[in-house]
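Asks: Quick one: the structure is below, and I'll ask about it shortly.
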Amino acid sequence: MPKKNKDDLDFDYKYGFSMPDTSVFQTKRGISPEVVFQISKIKNEPDWMTKKRLKAYEVFLEKNMPPWGADLSKIDFDDIVYFIRATDKQKTSWEDLPAEIKDTYDRIGVPEAEKKFLAGVSAQYESEVVYESVNKELTKQGVLFCDMDTAVAKYPEIVKEYFGTLIPARDNKFAALNTAVWSGGSFVYVPKGVHVKLPLQAYFRINAERFGQFERTLIIADEGSSVHYIEGCTAPIYTTDSLHSAVVEIFAKKNARVRYTTVQNWSNNVYNLVTKRASADENAIMEWIDCNIGSKVTMKYPSVYLKGEGARGEVLSIAYAGKGQHQDAGAKMFHFAPNTSSRIVSKSISKNGGRTSYRGLVQIQPHATNSSVYVSCDALLMDEESRSDTYPTMRIMENDVQVQHEATVEKLGEEKLFYLTSRGITKNDAEGILVNGFIEPVTREIPLEYSIELNRLMQLEMSGSVG
Amino acid sequence: MKFTYITEGKKGKHSVTQPGESIFFIHNYSGAVEISIKSPNAKVYIYGVYIGKKNDNFTLNTIQHHKVGESVSDLLIKGIFFDESKFHYEGLIRIDKKAQKSNAYQKNQNLVMSKDVFVDSRPYLEILANDVRCTHGSTTGQLDKEQLYFAKTRGLSEKVAQKMLLEGFVGDIFNKMEETGLDLSVIPNEVRNLSLLN
């Protein structure tokens, strides 16, 4: 078998194209109170939100960069554009969007997916949501699905009650930054007892260079309701870096069930630093399905605060790190109430000098009796230049609990590879098959359309491996 | 076979420079235990027993640092914690880039006997070589209720049943050491016959 050149290994990132800049407004490069004020002003926000932003900006200045995790020293906060308005008005039909933007989403395949299997779609281009459509049935049932900017204007009471209560600006530097300059993101409210049968989807696209996208998402699932929310992310390849720093807050009320699926496929010049947290009340179920394939650096630890008795939290995650990538991802589970349970399953793959780190925290508070925790992290190392780390922490302050953690790090099984190749399958294909099998426990939880895409991506990432 | 007993006042930093088996035994020791493995074909066993009572507060950091490949390290730390005792454990397996064909295992199992106990367990892995196999596991919980129940149905009192299960839990470590051919008399009697009745 001819050996391929190592440099050929970077697979074809099919979303790496960029469109000409047709934006209608953007703030000047860098961040200052003026920029924060300007963003709030252009959105015609109420006073309380402007104040929240300016206060968060102060916190952002005060807070230090995290002393642990991935290398963030190259981020230059003064060299980023914090707000870009791509269109003058949000559209409800793809046809009404500017040709460049419509073409972008066509190439990503969002309108196609909408027709097939989604109940609602929101598409964010740069800072704001440019397209939105919701199934009429849902609107009749009282489900609210819109972008956060609209929610602040239309449903200020709900937003005020929940916004920043689970992830205050003080939480960390990037949560503070997001609170100061947030724009776009989704707002979802599902009324009592309503089951949203098909998923809602948000699609995030960065087109500009040296840009920061700061979407803000708030999902409230009222008692006994259920909803599945999916987000996808892509960006063009530039030689300069962009920043994506989202904040996602989810409230799963008594007996509610929320599933949040992420397929993160940013180009390899995006810093992806995201804070995601959910609270689960009595007997609620919160599931994060987190796939990190793209970006230069990702630091993301979706967490669940198990507040009500019998609540259940789950994180299923896949991380892939190729050349120049560091995926520092994981999960956090806080058990505050009795009979709560959590499960974390993490699968990571490092290749061509990539580095994956699992970082997790499980904390059991006193009185969270009869709680159980299961954590499993498996890592694959595809070659000798790659690296894998596992950094779990378990803090247990209650005795009536069961906490289990296990992790393995290894390479692809030589015998399995040998078996497949002896059946006439090329080594590359065999590696792809084995890697897809390795991540299967997570991919089977993802809607079919996405898992096919994910498998295909993995197959591509594996192809051309040095034999 | 080389045996090293690490307890209060003993040094925690050790190098393994010869092939063959070595055993490190840690008992109620607070501090860092760093084992650098610098020889191929070295087989390093690290066993630990912690019994926390009253206000005991143990902090243990272990490092299994594989600097040379084709070596094996296997760590097992078991702890039983009563009253208001605390245990902070951080264990790291580090496999250097050139330490290919290393196998490293790390396991921490804790039994929490009172609701006022605090356990913090951090089993870390940093793997820079690919042709390796590393696993770690950590469990923290109570005595198995079904095992206790079974013992009681055989006529044992709660106290005796508990003592028996606890002895089995740590006895496992002494059995493992004995299996590798160690003469257990190198470990003081009072450590081997831990008083596990509370």
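Identifiers in this document derive from the order of the structure tokens: chains are assigned A, B, ..., residues are numbered from 1 separately in each chain, and ligands are numbered from 1 in order of occurrence.
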Extract, using only C-alpha atoms, all DNA, RNA and protein residues at most 6 Å from Tyr105 of chain B, discarding same-chain residues fewer than 3 positions from it, and format them as a ChimeraX atom specification.
Replies: /B:74-75,134-136
Asks: Write out, as an mmCIF file, in the first residue's frame, the residues just selected, with C-alpha atoms.
Replies:
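Saved to out_19.cif:
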data_model
loop_
_atom_site.group_PDB
_atom_site.id
_atom_site.type_symbol
_atom_site.label_atom_id
_atom_site.label_comp_id
_atom_site.auth_asym_id
_atom_site.auth_seq_id
_atom_site.Cartn_x
_atom_site.Cartn_y
_atom_site.Cartn_z
ATOM 1 C CA ASP B 74 -0.197 -1.247 39.022
ATOM 2 C CA LEU B 75 -1.633 0.850 41.808
ATOM 3 C CA CYS B 134 -3.681 2.572 30.754
ATOM 4 C CA THR B 135 -6.762 2.307 32.866
ATOM 5 C CA HIS B 136 -7.933 3.833 36.051
#
Asks: Would you mind writing down, as a list of chain:residue names, each residue of segment 89-175 of chain A that DSSP on the backbone assigns to strand (DSSP E)?
Replies: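 Those in segment 89-175 of chain A that DSSP calls strand (DSSP E) are A:Gly120, A:Val121, A:Ser122, A:Ala123, A:Gln124, A:Tyr125, A:Glu128, A:Val129, A:Val130, A:Tyr131, A:Glu132, A:Ser133, A:Val134, A:Leu144, A:Phe145, A:Cys146, A:Asp147.
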Asks: Find the residues near segment 180-192 of chain B: any atom within 8 Å, counting only C-alpha atoms, skip ones fewer than 5 places away on the same chain, and give them as a ChimeraX atom specification.
Replies: /B:1,5,174
Asks: Would you mind exporting the chosen residues as a PDB file, in the first residue's frame, restricted to C-alpha atoms?
Replies:
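Generated output (part.pdb):
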ATOM      1  CA  MET B   1      11.671  -8.500  44.669  1.00  0.00           C
ATOM      2  CA  TYR B   5       7.188   0.513  53.122  1.00  0.00           C
ATOM      3  CA  PHE B 174      -2.486  -8.281  51.646  1.00  0.00           C
TER       4      PHE B 174
END
Asks: Could you build a table of the residues in chain B lying no more than 8 Å from chain A, giving for each the nearest pair of atoms and their separation in Å rounded to one decimal place, using only C-alpha atoms, ordered by chain and ascending residue number, as a tab-separated table?
Replies:
residue	atom	partner	partner_atom	distance
B:Lys97	CA	A:Glu384	CA	7.3
B:Val112	CA	A:Asn399	CA	5.1
B:Met113	CA	A:Asn399	CA	6.4
B:Ser114	CA	A:Asn399	CA	5.8
B:Lys115	CA	A:Asn399	CA	4.7
B:Asp116	CA	A:Glu398	CA	6.8
B:Val117	CA	A:Met397	CA	6.2
B:Phe118	CA	A:Met397	CA	4.8
B:Val119	CA	A:Ile396	CA	5.0
B:Asp120	CA	A:Arg395	CA	4.3
B:Ser121	CA	A:Met394	CA	5.1
B:Arg122	CA	A:Thr393	CA	4.5
B:Pro123	CA	A:Pro392	CA	6.3
B:Tyr124	CA	A:Tyr391	CA	4.8
B:Leu125	CA	A:Thr390	CA	4.8
B:Glu126	CA	A:Asp389	CA	4.4
B:Ile127	CA	A:Ser388	CA	5.2
B:Leu128	CA	A:Arg387	CA	4.6
B:Ala129	CA	A:Glu384	CA	5.3
B:Asn130	CA	A:Glu384	CA	4.9
B:Asp131	CA	A:Lys411	CA	6.1
B:Val132	CA	A:Glu410	CA	5.6
B:Arg133	CA	A:Glu410	CA	4.8
B:Cys134	CA	A:Val409	CA	5.1
B:Thr135	CA	A:Thr408	CA	4.2
B:His136	CA	A:Ala407	CA	5.2
B:Gly137	CA	A:Glu406	CA	4.0
B:Ser138	CA	A:His405	CA	4.9
B:Thr139	CA	A:Gln404	CA	4.4
B:Thr140	CA	A:Val403	CA	5.0
B:Gly141	CA	A:Gln402	CA	4.5
B:Gln142	CA	A:Asp400	CA	6.2
Asks: Any chance you can output those residues with C-alpha atoms as an mmCIF file, in the first residue's frame?
Replies:
data_model
loop_
_atom_site.group_PDB
_atom_site.id
_atom_site.type_symbol
_atom_site.label_atom_id
_atom_site.label_comp_id
_atom_site.auth_asym_id
_atom_site.auth_seq_id
_atom_site.Cartn_x
_atom_site.Cartn_y
_atom_site.Cartn_z
ATOM 1 C CA LYS B 97 6.464 10.146 24.764
ATOM 2 C CA VAL B 112 -17.586 5.589 53.419
ATOM 3 C CA MET B 113 -18.842 4.490 56.842
ATOM 4 C CA SER B 114 -20.308 7.743 58.125
ATOM 5 C CA LYS B 115 -22.208 10.613 56.613
ATOM 6 C CA ASP B 116 -19.666 13.107 57.955
ATOM 7 C CA VAL B 117 -16.826 11.686 55.912
ATOM 8 C CA PHE B 118 -15.367 13.669 53.032
ATOM 9 C CA VAL B 119 -13.689 11.942 50.115
ATOM 10 C CA ASP B 120 -12.082 13.713 47.180
ATOM 11 C CA SER B 121 -10.706 11.374 44.539
ATOM 12 C CA ARG B 122 -8.873 12.552 41.425
ATOM 13 C CA PRO B 123 -7.396 9.802 39.306
ATOM 14 C CA TYR B 124 -5.567 11.585 36.488
ATOM 15 C CA LEU B 125 -3.970 10.283 33.309
ATOM 16 C CA GLU B 126 -1.478 12.051 31.048
ATOM 17 C CA ILE B 127 -0.579 9.838 28.132
ATOM 18 C CA LEU B 128 1.908 11.033 25.541
ATOM 19 C CA ALA B 129 2.773 7.691 23.944
ATOM 20 C CA ASN B 130 0.296 5.711 21.882
ATOM 21 C CA ASP B 131 1.377 2.099 22.111
ATOM 22 C CA VAL B 132 0.246 1.747 25.694
ATOM 23 C CA ARG B 133 -2.615 0.542 27.767
ATOM 24 C CA CYS B 134 -3.681 2.572 30.754
ATOM 25 C CA THR B 135 -6.762 2.307 32.866
ATOM 26 C CA HIS B 136 -7.933 3.833 36.051
ATOM 27 C CA GLY B 137 -10.952 3.388 38.150
ATOM 28 C CA SER B 138 -12.367 4.870 41.277
ATOM 29 C CA THR B 139 -15.311 3.790 43.350
ATOM 30 C CA THR B 140 -16.690 5.342 46.491
ATOM 31 C CA GLY B 141 -19.675 4.040 48.350
ATOM 32 C CA GLN B 142 -20.988 1.998 51.209
#
Asks: What lies within 10 Å of Ile289 of chain A using only C-alpha atoms, ignoring chain neighbours under 2 positions off, as number ranges by chain?
Replies: A: 230, 259-263, 287, 291-292, 302, 314-318, 345-346, 442-443, 445-446
